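Everything below concerns the one structure shown next.
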Amino acid sequence: MGRVFLVGIELARAPSGSPIDEVAMLKRALLATVLVTAGWTGGAVAQTIYPLDRAEILSGSKFDLKVEFPGTVAADQLKVTIDGKDAAEVLGAKPEIVAKEDGHDLTAYWLRGVSLTTAGKVKVEASAGTEKKSVAWEVFDTPKGRVAKNVILFVGDGFSIAHRTAARIMSKGIVQGHFGGELAVDDMPYMALISTPGTDSIVTDSANAMSAYTTGHKTCVNALGIYCAKNKNTLDHPKVETIGELVKRKTGMALGVVTNSEIEDATPAGIVAHTRKRSDFNDIVEMFYDVKPDVIMGGGSPNFLPKSTPGSKRKDDVDYLKKFEEAGYAFVSTKTEMEKAVADGKSKILGLYNTGNIDGALDLKYLKKGSVSKFPDQPDVVDETKAAIATLSKNPNGFFLMVESARIDKYSHSLDPERALFDTIMLDNAVKYAKDFAAKNGDTMIIVVADHAHPVSIIGTYDDDRPGQTPREKLGTYADAKVPNYGPVDAEGYPTNIDVSRRIALEFGTTPDTCFNAKPFMDGENVPAVAGATPKTYVENPKNCERPGAVHITGNLPFDASSGVHSGDDVLLTAMGPGAEVFHGRLDNTRVFRAMATALGLAK
């Protein structure tokens, strides 16, 4: 429904004190309201221009220019200009004008796959009759040539300040207030706060957050590589080019995407995808095939299999494993096969190591829970990073690699702190390997950043030696927050025992109704809540309520939430290498794309 206006209404009394017919006035007000909301706007509802106001556009990158005009507008009655000149002529494209697009009461104006090559401020104006709307864009250039041969973008999904601090305590230890060492993510010369809101919400999800990093454009929740217009088809929204596409289209560089989530999930998909709906996994597989990164590693194999194959999640009979193999990829499904492909010098590797997400470090290395019994030879993020760098670095033109430690986020959603912290340490180990690689030549930019934050904080220590049974009785704060006594760390920095008497109290600020006893979940990932008797509601998981010392926690989330949610906090970015000096102060997440594109000289 459009915006509601009361047009030209004034209630008053005659100077003599006798009332004006207020009933008639109110009837006229109601009539005016009905006319406006019914679509007789008289120019009250402005058109929408995509890209939106204040967009930053890389010179030479491709995007769709779309204008949505309210109502039905004849082609000769609408006008779209760039700096006062006809937009179609400026962009060298033929406009497509669609009345009643997708059944909406609007007229769509499209210029698809266009680009701007002159840097500077740009004013775009769309008019229909007397109604005008304008937006301002900045087209930015990059210096000729490249300052970095390689770029490695590490994304700790949901990686918040408290995760970093707690992982440092757990992995490096702390004595008399001093840490026993630095994490690899800490010891980097450049640092910035990154703000993450999207176009429709102050709290982002992984899709539009990653899209900002990979396109330089903000979008809305659940969207990848597009602006969120009114199109019904999730694949028809106005697109913006991703860094993966730019690298493949404009350079001879190699491209790699590595994760321990399903490869179709939001963060890895952000390198290649254009969709309003991040769950379009089948389409995202096709988009990976269209772009063809040289290294693709993660879980999520069912969306590559034809629907006739048992376990497939495709709706068609296209065999994408076969298509990738025909395109020259070595398909691997285990760590052993991956390492062999690297040793054999394969230049293109598709690694799918699980039907779902790859298991996290705690289960994979120590507890052997999750799906480890079904997939005993999965690589971790460090293994994947080593294989990806070994493969991509053979390209003399350099490479772009995105590495995600995805389950920091997923374990934070499930309120499972130990698993989230082990995957933070795993991320740090992958960064250390990349830093060692970069140190050899000094030509690699490394960025470590979260896509968004979680509401998580360290508030003290849970100490089983304190009297009482409940978590509140076991919690030590301030002077009673004694140093944790995790088992000795191994060569990779993981504690060898987490089920100890003093543990970090890493608390989550958002929860459904749940039960909690402040002890590690040794039998598998936490499931904080389960479906309730009322549809679309969740209640505490009864298994958790049976744990010794467990107490009921009244949730602070809507009743349809089954797990924790993200927060809108700024996240911390650390970086090193050529081009990384631009990271300082507070920056919007779109500036990460701009820094990478500049370091690689991707303009024009």
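Residues in the structure tokens are named by chain (A, B, ... in the order shown) and by number from 1 within that chain; ligands are numbered from 1 in the order shown.
Within range 61-198 of chain A, DSSP run on the backbone puts these residues in alpha helix (DSSP H): Ala87, Ala88, Glu89, Val90, Leu91, Ile161, Ala162, His163, Arg164, Thr165, Ala166, Ala167, Arg168, Ile169, Met170, Ser171 and Lys172 of chain A.
Considering only C-alpha atoms, the residue among A:Ser414, A:Asn517, A:Ser457, A:Ser206 positioned nearest to Leu475 in chain A is A:Asn517.
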* Atom-to-atom span, CA of Leu116 in chain A and CA of Pro95 in chain A, Å ->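 These two atoms are separated by 15.9 Å.
Candidate residues A:Phe516, A:Tyr538, A:Tyr190, A:Tyr213 were compared for distance to Asn589 in chain A, and the nearest is A:Tyr213, using only C-alpha atoms.
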